[in-house]
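Coordinates as given in structure_34.tsv (TSV, C-alpha atoms and all ligand atoms):
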chain	number	residue	atom	x	y	z
N	1	MET	CA	81.30	109.14	76.63
N	2	LYS	CA	84.81	110.54	76.61
N	3	PRO	CA	87.10	111.06	79.61
N	4	ALA	CA	88.23	114.45	80.85
N	5	SER	CA	91.60	115.36	79.34
N	6	PHE	CA	94.65	113.85	81.01
N	7	ARG	CA	98.39	113.54	80.50
N	8	TYR	CA	99.90	110.13	79.80
N	9	ALA	CA	103.16	108.56	80.96
N	10	ALA	CA	104.34	105.04	80.21
N	11	ALA	CA	106.43	103.70	83.09
N	12	ARG	CA	109.27	101.35	82.06
N	13	SER	CA	109.86	99.93	85.54
N	14	VAL	CA	108.10	99.69	88.90
N	15	THR	CA	110.64	102.17	90.28
N	16	GLU	CA	109.71	104.66	87.57
N	17	ALA	CA	105.99	104.18	88.32
N	18	VAL	CA	106.67	104.78	92.04
N	19	ASP	CA	108.68	107.93	91.20
N	20	LEU	CA	105.86	109.25	89.02
N	21	LEU	CA	103.31	108.50	91.76
N	22	SER	CA	105.50	110.28	94.34
N	23	GLU	CA	105.72	113.29	92.04
N	24	HIS	CA	101.99	113.53	91.21
N	25	SER	CA	100.33	111.85	94.24
N	26	ASP	CA	96.51	112.01	94.16
N	27	ALA	CA	96.50	113.64	90.70
N	28	ALA	CA	97.80	110.37	89.20
N	29	LYS	CA	96.20	107.00	88.47
N	30	LEU	CA	97.89	103.76	87.49
N	31	LEU	CA	96.55	102.01	84.40
N	32	ALA	CA	96.69	98.20	84.24
N	33	GLY	CA	94.02	96.42	82.15
N	34	GLY	CA	91.82	99.54	82.14
N	35	GLN	CA	88.64	97.47	82.48
N	36	SER	CA	87.48	99.34	85.59
N	37	LEU	CA	89.46	102.57	85.37
N	38	VAL	CA	88.63	103.49	81.76
N	39	PRO	CA	84.83	103.12	82.18
N	40	MET	CA	85.09	105.21	85.35
N	41	MET	CA	87.05	107.88	83.46
N	42	ASN	CA	84.56	107.80	80.59
N	43	LEU	CA	81.74	108.34	83.09
N	44	ARG	CA	83.86	111.11	84.69
N	45	LEU	CA	83.72	109.30	88.03
N	46	SER	CA	87.51	109.36	87.94
N	47	ARG	CA	89.44	112.37	86.58
N	48	PRO	CA	93.16	111.76	86.93
N	49	GLU	CA	95.38	114.56	85.68
N	50	ILE	CA	97.98	112.02	84.68
N	51	LEU	CA	97.63	108.36	83.75
N	52	ILE	CA	100.65	106.18	84.49
N	53	ASP	CA	100.56	103.17	82.20
N	54	LEU	CA	102.04	100.02	83.73
N	55	ASN	CA	101.68	97.92	80.58
N	56	ARG	CA	105.13	98.74	79.15
N	57	ILE	CA	106.93	97.37	82.21
N	58	PRO	CA	108.68	94.17	81.05
N	59	GLN	CA	108.55	90.78	82.75
N	60	LYS	CA	105.80	91.51	85.25
N	61	ASP	CA	103.14	89.14	83.93
N	62	GLY	CA	104.32	85.86	85.44
N	63	ILE	CA	102.48	83.27	87.52
N	64	TYR	CA	104.65	81.12	89.77
N	65	VAL	CA	104.39	78.46	92.46
N	66	GLU	CA	107.08	79.03	95.07
N	67	ARG	CA	107.44	78.48	98.82
N	68	GLY	CA	104.00	76.88	99.10
N	69	ALA	CA	102.17	79.75	97.43
N	70	LEU	CA	100.92	80.86	94.04
N	71	ARG	CA	102.38	84.26	93.18
N	72	VAL	CA	100.72	86.35	90.48
N	73	GLU	CA	102.56	89.36	89.08
N	74	MET	CA	100.83	92.66	88.44
N	75	LEU	CA	100.43	92.40	84.66
N	76	ALA	CA	99.19	88.79	84.58
N	77	ARG	CA	95.81	88.90	82.85
N	78	GLN	CA	92.77	87.23	84.34
N	79	ARG	CA	92.36	85.09	81.22
N	80	SER	CA	95.98	83.84	81.49
N	81	ALA	CA	95.38	82.73	85.09
N	82	GLU	CA	92.04	81.16	84.19
N	83	ARG	CA	93.74	79.04	81.49
N	84	SER	CA	97.00	78.42	83.36
N	85	GLU	CA	97.80	74.75	84.05
N	86	LEU	CA	99.76	75.89	87.10
N	87	VAL	CA	96.68	77.62	88.53
N	88	ARG	CA	94.31	74.78	87.63
N	89	ALA	CA	96.60	72.20	89.23
N	90	ASN	CA	97.47	74.15	92.38
N	91	LEU	CA	94.59	76.52	93.10
N	92	PRO	CA	91.63	75.48	90.91
N	93	ILE	CA	89.21	77.71	92.85
N	94	LEU	CA	91.02	80.75	91.40
N	95	ALA	CA	90.43	79.61	87.81
N	96	GLU	CA	86.83	78.72	88.71
N	97	ALA	CA	86.24	82.18	90.21
N	98	ILE	CA	87.87	84.06	87.32
N	99	SER	CA	85.76	82.19	84.74
N	100	GLN	CA	82.73	83.94	86.28
N	101	ILE	CA	84.12	87.48	85.82
N	102	GLY	CA	82.36	89.51	83.11
N	103	HIS	CA	83.14	88.22	79.60
N	104	SER	CA	86.30	86.74	78.11
N	105	GLN	CA	87.18	90.03	76.35
N	106	ILE	CA	87.29	91.75	79.76
N	107	ARG	CA	89.33	88.95	81.30
N	108	SER	CA	91.79	89.12	78.40
N	109	ARG	CA	92.79	92.66	79.44
N	110	GLY	CA	91.89	92.84	83.14
N	111	THR	CA	94.59	91.90	85.62
N	112	LEU	CA	94.17	90.04	88.92
N	113	VAL	CA	96.15	92.73	90.73
N	114	GLY	CA	94.01	95.51	89.17
N	115	SER	CA	90.87	93.77	90.38
N	116	CYS	CA	92.20	93.71	93.96
N	117	CYS	CA	93.33	97.35	93.79
N	118	HIS	CA	89.92	98.39	92.45
N	119	ALA	CA	88.35	96.54	95.44
N	120	ASP	CA	84.80	96.19	94.19
N	121	PRO	CA	82.97	94.44	97.07
N	122	SER	CA	81.30	92.08	94.55
N	123	ALA	CA	84.54	91.03	92.86
N	124	GLU	CA	85.61	87.39	92.71
N	125	ILE	CA	89.42	87.59	93.00
N	126	PRO	CA	89.51	89.49	96.32
N	127	ALA	CA	87.16	86.83	97.79
N	128	VAL	CA	89.52	84.01	96.77
N	129	LEU	CA	92.51	85.94	98.13
N	130	ALA	CA	90.66	86.43	101.44
N	131	ALA	CA	89.57	82.77	101.62
N	132	VAL	CA	93.16	81.48	101.40
N	133	ASP	CA	94.57	84.19	103.74
N	134	GLY	CA	96.53	85.68	100.88
N	135	SER	CA	98.40	88.95	100.72
N	136	VAL	CA	99.26	91.83	98.40
N	137	ARG	CA	102.87	92.88	97.85
N	138	LEU	CA	103.33	96.65	97.56
N	139	GLU	CA	106.29	98.72	96.43
N	140	GLY	CA	106.51	102.42	97.26
N	141	SER	CA	109.02	105.14	98.01
N	142	GLN	CA	109.43	103.70	101.53
N	143	GLY	CA	110.25	100.22	100.19
N	144	LEU	CA	108.39	96.91	100.00
N	145	ARG	CA	105.64	95.56	102.24
N	146	ASP	CA	103.35	92.53	102.24
N	147	VAL	CA	99.82	93.34	103.39
N	148	PRO	CA	97.52	90.47	104.46
N	149	SER	CA	94.18	90.51	102.63
N	150	GLN	CA	92.22	91.31	105.81
N	151	ASP	CA	94.27	94.53	106.17
N	152	PHE	CA	94.33	95.35	102.45
N	153	PHE	CA	90.59	95.52	101.69
N	154	LEU	CA	89.39	98.41	103.86
N	155	GLY	CA	85.91	99.03	102.48
N	156	PHE	CA	83.87	100.05	99.46
N	157	PHE	CA	86.52	100.52	96.69
N	158	GLN	CA	89.08	101.27	99.42
N	159	THR	CA	92.42	99.57	100.02
N	160	ALA	CA	95.54	100.04	102.11
N	161	LEU	CA	97.51	101.26	99.06
N	162	ALA	CA	99.37	104.49	99.86
N	163	PRO	CA	99.31	107.21	97.14
N	164	ASP	CA	102.89	106.38	96.09
N	165	GLU	CA	102.54	102.58	96.08
N	166	VAL	CA	102.26	100.07	93.25
N	167	ALA	CA	100.86	96.60	93.94
N	168	THR	CA	103.38	94.24	92.36
N	169	ASP	CA	102.11	90.75	93.28
N	170	LEU	CA	99.28	88.77	94.80
N	171	VAL	CA	100.37	85.84	96.97
N	172	PHE	CA	97.88	82.99	97.42
N	173	PRO	CA	99.09	80.40	99.97
N	174	LEU	CA	98.25	76.91	98.67
N	175	PRO	CA	95.70	74.99	100.74
N	176	PRO	CA	96.93	71.82	102.51
N	177	ALA	CA	96.46	68.33	101.03
N	178	GLY	CA	92.94	67.01	101.51
N	179	THR	CA	91.33	70.35	100.63
N	180	GLY	CA	88.45	70.76	98.22
N	181	ALA	CA	87.22	74.17	97.12
N	182	SER	CA	84.33	75.75	95.27
N	183	PHE	CA	83.43	79.22	94.00
N	184	LEU	CA	79.74	79.86	93.39
N	185	GLU	CA	77.91	83.05	92.55
N	186	PHE	CA	74.60	84.32	91.28
N	187	ALA	CA	74.22	87.22	88.87
N	188	ARG	CA	71.07	88.45	87.16
N	189	ARG	CA	72.54	88.02	83.68
N	190	HIS	CA	75.59	86.22	82.32
N	191	GLY	CA	78.55	88.60	82.57
N	192	ASP	CA	77.05	90.85	85.25
N	193	PHE	CA	78.71	91.42	88.59
N	194	ALA	CA	77.56	88.83	91.14
N	195	ILE	CA	74.81	89.75	93.56
N	196	VAL	CA	76.50	87.33	95.97
N	197	GLY	CA	79.63	85.22	95.48
N	198	VAL	CA	81.05	82.55	97.80
N	199	ALA	CA	84.54	81.04	98.02
N	200	ALA	CA	84.51	77.88	100.15
N	201	LEU	CA	87.42	75.63	101.12
N	202	VAL	CA	87.01	72.44	103.15
N	203	THR	CA	89.96	70.42	104.44
N	204	LEU	CA	89.13	66.91	105.60
N	205	GLY	CA	91.05	65.12	108.35
N	206	SER	CA	92.04	61.43	108.13
N	207	ASP	CA	88.84	60.48	110.04
N	208	GLY	CA	86.66	62.28	107.47
N	209	SER	CA	85.74	65.18	109.73
N	210	ILE	CA	86.29	68.82	108.74
N	211	ALA	CA	89.77	69.82	109.89
N	212	ARG	CA	89.38	73.36	108.54
N	213	ALA	CA	86.79	75.39	106.68
N	214	ALA	CA	87.27	78.79	105.05
N	215	LEU	CA	84.41	80.91	103.73
N	216	ALA	CA	84.74	84.31	102.03
N	217	LEU	CA	81.72	86.13	100.65
N	218	ALA	CA	81.47	88.87	98.03
N	219	GLY	CA	78.55	91.27	97.57
N	220	VAL	CA	77.38	91.18	101.17
N	221	GLY	CA	79.23	94.14	102.70
N	222	PRO	CA	81.55	97.06	101.91
N	223	ALA	CA	84.40	94.58	101.27
N	224	CYS	CA	84.64	90.81	100.94
N	225	VAL	CA	84.09	89.16	104.33
N	226	ARG	CA	85.17	85.95	106.04
N	227	ALA	CA	82.35	84.07	107.80
N	228	SER	CA	84.42	83.25	110.86
N	229	GLN	CA	81.56	82.03	113.10
N	230	ALA	CA	80.46	79.55	110.45
N	231	GLU	CA	84.09	78.44	109.97
N	232	ALA	CA	84.47	77.84	113.71
N	233	PHE	CA	81.20	75.88	113.86
N	234	LEU	CA	82.20	73.64	110.93
N	235	THR	CA	85.63	72.75	112.31
N	236	GLY	CA	85.56	69.24	113.78
N	237	LYS	CA	82.08	68.42	112.41
N	238	ARG	CA	81.42	65.52	110.10
N	239	ALA	CA	81.24	66.66	106.47
N	240	GLU	CA	77.54	66.06	105.96
N	241	PRO	CA	74.46	68.03	104.84
N	242	THR	CA	73.22	69.00	108.33
N	243	ALA	CA	76.59	70.62	109.11
N	244	PHE	CA	76.64	72.47	105.77
N	245	ALA	CA	73.08	73.73	106.37
N	246	GLU	CA	73.88	75.02	109.86
N	247	GLY	CA	77.20	76.53	108.69
N	248	ALA	CA	75.31	78.31	105.91
N	249	ARG	CA	72.67	79.58	108.33
N	250	LEU	CA	75.38	80.99	110.61
N	251	ALA	CA	77.20	82.60	107.68
N	252	SER	CA	73.98	84.29	106.53
N	253	GLN	CA	73.50	85.73	110.04
N	254	GLU	CA	77.01	87.13	110.51
N	255	ILE	CA	77.17	89.12	107.24
N	256	GLU	CA	75.83	92.67	106.90
N	257	PRO	CA	74.43	93.02	103.38
N	258	GLN	CA	72.89	96.29	102.19
N	259	SER	CA	69.82	96.79	100.03
N	260	ASP	CA	70.45	98.37	96.64
N	261	VAL	CA	68.91	98.49	93.16
N	262	GLN	CA	70.06	94.92	92.50
N	263	ALA	CA	68.69	93.18	95.59
N	264	SER	CA	67.28	93.76	99.05
N	265	GLU	CA	69.25	93.03	102.21
N	266	GLY	CA	66.99	90.02	102.93
N	267	TYR	CA	67.39	88.60	99.43
N	268	ARG	CA	71.19	88.83	99.64
N	269	ARG	CA	71.17	87.12	103.04
N	270	GLU	CA	69.00	84.26	101.75
N	271	LEU	CA	71.10	83.96	98.59
N	272	ALA	CA	74.25	83.83	100.70
N	273	ARG	CA	72.76	81.01	102.80
N	274	THR	CA	71.85	78.99	99.70
N	275	LEU	CA	75.20	79.53	97.97
N	276	VAL	CA	77.26	78.78	101.10
N	277	GLU	CA	75.40	75.52	101.66
N	278	ARG	CA	75.97	74.45	98.03
N	279	ALA	CA	79.59	75.61	97.94
N	280	LEU	CA	80.39	73.71	101.17
N	281	ALA	CA	78.84	70.52	99.78
N	282	THR	CA	80.78	70.84	96.51
N	283	ALA	CA	84.05	71.68	98.28
N	284	ALA	CA	83.64	68.70	100.64
N	285	ALA	CA	82.88	66.32	97.75
N	286	ARG	CA	86.01	67.58	95.95
N	287	ALA	CA	88.02	67.11	99.17
N	288	VAL	CA	86.83	63.50	99.39
N	289	ARG	CA	88.11	62.90	95.83
N	290	GLU	CA	91.39	64.57	96.81
N	291	VAL	CA	91.81	62.29	99.84
N	292	ALA	CA	90.79	59.09	97.96
Z	301	LIG	C1	81.49	94.94	81.43
Z	301	LIG	C2	82.40	94.62	82.58
Z	301	LIG	C3	82.06	93.57	83.43
Z	301	LIG	C4	82.88	93.25	84.51
Z	301	LIG	N1	82.51	92.24	85.34
Z	301	LIG	C5	83.26	91.96	86.41
Z	301	LIG	C6	82.90	90.91	87.32
Z	301	LIG	O1	81.90	90.21	87.14
Z	301	LIG	N2	83.72	90.68	88.39
Z	301	LIG	C7	84.85	91.43	88.61
Z	301	LIG	O2	85.55	91.18	89.59
Z	301	LIG	N3	85.23	92.40	87.77
Z	301	LIG	C8	84.47	92.69	86.68
Z	301	LIG	N4	84.87	93.68	85.83
Z	301	LIG	C9	86.11	94.44	86.14
Z	301	LIG	C10	87.36	93.71	85.66
Z	301	LIG	O3	87.58	92.52	86.41
Z	301	LIG	C11	88.60	94.61	85.80
Z	301	LIG	O4	89.55	94.08	84.96
Z	301	LIG	C12	89.22	94.73	87.16
Z	301	LIG	O5	88.28	95.19	88.13
Z	301	LIG	C13	90.35	95.77	87.17
Z	301	LIG	O6	91.50	95.24	86.61
Z	301	LIG	P1	92.28	96.07	85.52
Z	301	LIG	O7	93.59	95.38	85.33
Z	301	LIG	O8	91.42	96.24	84.33
Z	301	LIG	O9	92.57	97.44	86.30
Z	301	LIG	P2	92.38	98.97	85.85
Z	301	LIG	O10	91.00	99.20	85.37
Z	301	LIG	O11	93.49	99.37	84.98
Z	301	LIG	O12	92.58	99.65	87.29
Z	301	LIG	C14	91.63	99.53	88.31
Z	301	LIG	C15	92.10	100.31	89.54
Z	301	LIG	O13	93.21	99.64	90.14
Z	301	LIG	C16	94.37	100.49	90.14
Z	301	LIG	N5	95.51	99.64	89.82
Z	301	LIG	C17	95.60	98.77	88.80
Z	301	LIG	N6	96.77	98.10	88.86
Z	301	LIG	C18	97.41	98.56	89.96
Z	301	LIG	C19	98.66	98.24	90.56
Z	301	LIG	N7	99.49	97.33	90.03
Z	301	LIG	N8	99.00	98.89	91.71
Z	301	LIG	C20	98.17	99.80	92.26
Z	301	LIG	N9	96.98	100.15	91.72
Z	301	LIG	C21	96.61	99.54	90.58
Z	301	LIG	C22	94.09	101.55	89.07
Z	301	LIG	O14	94.81	102.75	89.33
Z	301	LIG	C23	92.58	101.72	89.21
Z	301	LIG	O15	92.30	102.57	90.31
Z	301	LIG	C24	84.09	94.00	84.73
Z	301	LIG	C25	84.44	95.04	83.85
Z	301	LIG	C26	83.61	95.35	82.79
Z	301	LIG	C27	84.02	96.46	81.86

Could I get this file's structure written as structure tokens?
Amino acid sequence: MKPASFRYAAARSVTEAVDLLSEHSDAAKLLAGGQSLVPMMNLRLSRPEILIDLNRIPQKDGIYVERGALRVEMLARQRSAERSELVRANLPILAEAISQIGHSQIRSRGTLVGSCCHADPSAEIPAVLAAVDGSVRLEGSQGLRDVPSQDFFLGFFQTALAPDEVATDLVFPLPPAGTGASFLEFARRHGDFAIVGVAALVTLGSDGSIARAALALAGVGPACVRASQAEAFLTGKRAEPTAFAEGARLASQEIEPQSDVQASEGYRRELARTLVERALATAAARAVREVA
């Protein structure tokens, strides 16, 4: 399949990309790793009149730890983050989640920022961003703004990006000491999108009880969702199997999965329950090692 014809412009700075977006508005599309956009163009699901390539913008592929957060710039590739010592030491759940995206060839080109802007409800990186209460930094003709993840992911492939905005960074606040985390998913074949994915973080208090739990699920709604009732139930409980089982049951009740060709609504709900229970147990065991 070949895409519909389009014009091409290589932006040399974020400002130039914003100017081009302002000029062409909905007729334009930004190109990052191309791993979602190019297949969509080839299938003619997306027909931009002009493609604005971000890949020639220098010095926008960094990964930093600053002010208690991991900041990932817009051209950082998924594979770079997956292999980054900084990520593995400070936010290992991000590397764990990325390792489950597609195949390494896709991760070598795909960016973390592009994944969030694409906003596939089954995607791993948005779920991790949501679980740590992260945010997306946007630059547009009106200036800069930081949008919290819960306001950024609006629905099925929909975000808060305005037509003239470029997403420049993802900001993942680092979890407090005593936190263990786990990302689990189930896909029908290796490399497929997950049917359900779960990001779980458990922070243990000095008495061994759960001081804080965070659960974000992918594949169970139009955007990734936080299981806030399960989180509230788990807070203050002892970190033991009965609590994980009840937390998982609550999480499976508060989500609103849809049936599709991959799985029925009931199957997704049951899968979510199983994965949440396992992810909580793994996160808590990792938190115990962290505290010890
Ligand atoms: C076979 C295959 C399997 C895959 N499996 C998975 C999977 O299991 N899990 C998963 O999460 N993903 C999967 N992907 C998608 C992959 O992760 C993509 O890399 C990712 O979704 C998009 O990142 P990208 O950098 O390639 O963005 P692009 O494809 O270049 O862009 C995607 C969208 O985001 C917009 N965009 C990109 N960058 C910016 C920016 N800086 N500011 C504003 N808008 C921007 C583009 O305009 C476009 O609309 C798969 C892809 C393929 C081809």

Handout entry: Nearest candidate to Arg107 (chain N) (options N:Ser46, N:Val132, N:Asn55, N:Gln35; using all atoms listed in the file)
Key =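 Ranked by minimum distance to Arg107 (chain N), first place goes to N:Gln35.
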
Problem - Top pick for closest residue to ligand LIG 301 (chain Z), considering N:Ala287, N:Val65, N:Leu43, N:Val166 and counting only C-alpha atoms and all ligand atoms - result: N:Val166

Exercise for the section: Write as a list in words the residues around ligand LIG 301 (chain Z), taking 6 Å as the cut-off and counting all atoms listed in the file. Expected result: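 Sorted by chain and then by number, the residues are Lys29, Leu30, Leu31, Ala32, Gly33, Gly34, Gln35, Ser36, Leu37, Met74, Ile101, Gly102, Ile106, Gly110, Thr111, Val113, Gly114, Ser115, Cys117, His118, Ala123, Glu124, Val166, Ala167, Thr168, Gly191, Asp192 and Phe193 of chain N.
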
Mind checking which residues fall within 10 Å of Gly221 (chain N), counting all atoms listed in the file, ignoring those fewer than 2 positions away in the same chain, and posting them as a PDB file with C-alpha atoms, in the frame of the given file?
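Output file result-v3.pdb is given in full below:
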ATOM      1  CA  PRO N 121      82.970  94.440  97.070  1.00  0.00           C
ATOM      2  CA  SER N 122      81.300  92.080  94.550  1.00  0.00           C
ATOM      3  CA  GLY N 155      85.910  99.030 102.480  1.00  0.00           C
ATOM      4  CA  PHE N 156      83.870 100.050  99.460  1.00  0.00           C
ATOM      5  CA  VAL N 196      76.500  87.330  95.970  1.00  0.00           C
ATOM      6  CA  LEU N 217      81.720  86.130 100.650  1.00  0.00           C
ATOM      7  CA  ALA N 218      81.470  88.870  98.030  1.00  0.00           C
ATOM      8  CA  GLY N 219      78.550  91.270  97.570  1.00  0.00           C
ATOM      9  CA  ALA N 223      84.400  94.580 101.270  1.00  0.00           C
ATOM     10  CA  CYS N 224      84.640  90.810 100.940  1.00  0.00           C
ATOM     11  CA  VAL N 225      84.090  89.160 104.330  1.00  0.00           C
ATOM     12  CA  ILE N 255      77.170  89.120 107.240  1.00  0.00           C
ATOM     13  CA  GLU N 256      75.830  92.670 106.900  1.00  0.00           C
ATOM     14  CA  PRO N 257      74.430  93.020 103.380  1.00  0.00           C
ATOM     15  CA  GLN N 258      72.890  96.290 102.190  1.00  0.00           C
TER      16      GLN N 258
END

Problem - Nearby residues (only C-alpha atoms) at most 12 Å from region 1-8 of chain N, same-chain spacing under 2 positions excluded, as an MDAnalysis selection string - result: chainID N and resid 10:11 20 24 27:31 37:54

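When only C-alpha atoms are used to measure the gap to Arg268 (chain N), the shortest distance among N:Ala232, N:Ala81, N:Leu215, N:Ala187 belongs to N:Ala187.
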
Around all the atoms of region 230-239 of chain N listed in the file, draw an axis-aligned box and extend it by 8 Å on each of the six sides; I want its centre and edge lengths in Å to one decimal, as lines of an AutoDock Vina configuration file.
center_x = 83.0
center_y = 72.5
center_z = 110.2
size_x = 21.2
size_y = 30.0
size_z = 23.4

Handout entry: Using all atoms listed in the file: which of N:Gln59, N:Pro176, N:Phe244, N:Leu129 has the shortest distance to Ala279 (chain N)
Key = N:Phe244

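Residues in contact with Ser22 (chain N) at up to 9 Å, not including ones fewer than 3 positions away on its chain and judged by all atoms listed in the file, are Ala17, Val18, Asp19, Ser25, Gly140, Ser141, Pro163, Asp164 and Glu165 of chain N.
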
Handout entry: Separation of CA of Ala251 (chain N) from CA of Ala263 (chain N) in Å
Key =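 If I compute the distance from CA of Ala263 (chain N) to CA of Ala251 (chain N), I get 18.2 Å.
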
Practice task
Would you work out the distance separating CA of Phe183 (chain N) from CA of Val136 (chain N), expressed in Å to one decimal?
Solution key: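 That distance, rounded to one decimal, is 20.7 Å.
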
Fill in the blank from the handout: Students should find that CA of Ile93 (chain N) and CA of Gly180 (chain N) are spaced 8.8 Å

Using the atoms already present, construct all heavy atoms for region 241-248 of chain N and hand them back as a PDB file, in the coordinates of the input.
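rebuild10.pdb, written as the output of this step:
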ATOM      1  N   PRO N 241      75.391  66.937 105.180  1.00  0.00           N
ATOM      2  CA  PRO N 241      74.460  68.030 104.840  1.00  0.00           C
ATOM      3  C   PRO N 241      73.972  68.838 106.033  1.00  0.00           C
ATOM      4  O   PRO N 241      73.809  70.062 105.924  1.00  0.00           O
ATOM      5  CB  PRO N 241      73.296  67.288 104.159  1.00  0.00           C
ATOM      6  CG  PRO N 241      73.937  66.085 103.548  1.00  0.00           C
ATOM      7  CD  PRO N 241      75.019  65.676 104.503  1.00  0.00           C
ATOM      8  N   THR N 242      73.733  68.214 107.191  1.00  0.00           N
ATOM      9  CA  THR N 242      73.220  69.000 108.330  1.00  0.00           C
ATOM     10  C   THR N 242      74.260  70.043 108.775  1.00  0.00           C
ATOM     11  O   THR N 242      73.894  71.166 109.132  1.00  0.00           O
ATOM     12  CB  THR N 242      72.874  68.094 109.528  1.00  0.00           C
ATOM     13  OG1 THR N 242      73.980  67.226 109.766  1.00  0.00           O
ATOM     14  CG2 THR N 242      71.616  67.285 109.279  1.00  0.00           C
ATOM     15  N   ALA N 243      75.541  69.659 108.734  1.00  0.00           N
ATOM     16  CA  ALA N 243      76.590  70.620 109.110  1.00  0.00           C
ATOM     17  C   ALA N 243      76.666  71.745 108.087  1.00  0.00           C
ATOM     18  O   ALA N 243      76.810  72.934 108.454  1.00  0.00           O
ATOM     19  CB  ALA N 243      77.938  69.903 109.208  1.00  0.00           C
ATOM     20  N   PHE N 244      76.574  71.422 106.793  1.00  0.00           N
ATOM     21  CA  PHE N 244      76.640  72.470 105.770  1.00  0.00           C
ATOM     22  C   PHE N 244      75.454  73.444 105.928  1.00  0.00           C
ATOM     23  O   PHE N 244      75.611  74.657 105.787  1.00  0.00           O
ATOM     24  CB  PHE N 244      76.618  71.869 104.357  1.00  0.00           C
ATOM     25  CG  PHE N 244      77.695  70.844 104.118  1.00  0.00           C
ATOM     26  CD1 PHE N 244      77.473  69.763 103.277  1.00  0.00           C
ATOM     27  CD2 PHE N 244      78.934  70.949 104.735  1.00  0.00           C
ATOM     28  CE1 PHE N 244      78.458  68.816 103.053  1.00  0.00           C
ATOM     29  CE2 PHE N 244      79.924  70.007 104.524  1.00  0.00           C
ATOM     30  CZ  PHE N 244      79.683  68.929 103.683  1.00  0.00           C
ATOM     31  N   ALA N 245      74.281  72.882 106.230  1.00  0.00           N
ATOM     32  CA  ALA N 245      73.080  73.730 106.370  1.00  0.00           C
ATOM     33  C   ALA N 245      73.236  74.671 107.559  1.00  0.00           C
ATOM     34  O   ALA N 245      72.926  75.871 107.467  1.00  0.00           O
ATOM     35  CB  ALA N 245      71.840  72.853 106.531  1.00  0.00           C
ATOM     36  N   GLU N 246      73.725  74.153 108.686  1.00  0.00           N
ATOM     37  CA  GLU N 246      73.880  75.020 109.860  1.00  0.00           C
ATOM     38  C   GLU N 246      75.014  76.029 109.641  1.00  0.00           C
ATOM     39  O   GLU N 246      74.899  77.195 110.028  1.00  0.00           O
ATOM     40  CB  GLU N 246      74.148  74.157 111.110  1.00  0.00           C
ATOM     41  CG  GLU N 246      74.337  74.921 112.414  1.00  0.00           C
ATOM     42  CD  GLU N 246      73.148  75.833 112.794  1.00  0.00           C
ATOM     43  OE1 GLU N 246      72.068  75.738 112.189  1.00  0.00           O
ATOM     44  OE2 GLU N 246      73.346  76.663 113.708  1.00  0.00           O
ATOM     45  N   GLY N 247      76.103  75.595 109.014  1.00  0.00           N
ATOM     46  CA  GLY N 247      77.200  76.530 108.690  1.00  0.00           C
ATOM     47  C   GLY N 247      76.683  77.655 107.803  1.00  0.00           C
ATOM     48  O   GLY N 247      77.022  78.828 108.002  1.00  0.00           O
ATOM     49  N   ALA N 248      75.852  77.305 106.829  1.00  0.00           N
ATOM     50  CA  ALA N 248      75.310  78.310 105.910  1.00  0.00           C
ATOM     51  C   ALA N 248      74.374  79.265 106.650  1.00  0.00           C
ATOM     52  O   ALA N 248      74.381  80.488 106.406  1.00  0.00           O
ATOM     53  CB  ALA N 248      74.568  77.621 104.765  1.00  0.00           C
TER      54      ALA N 248
END
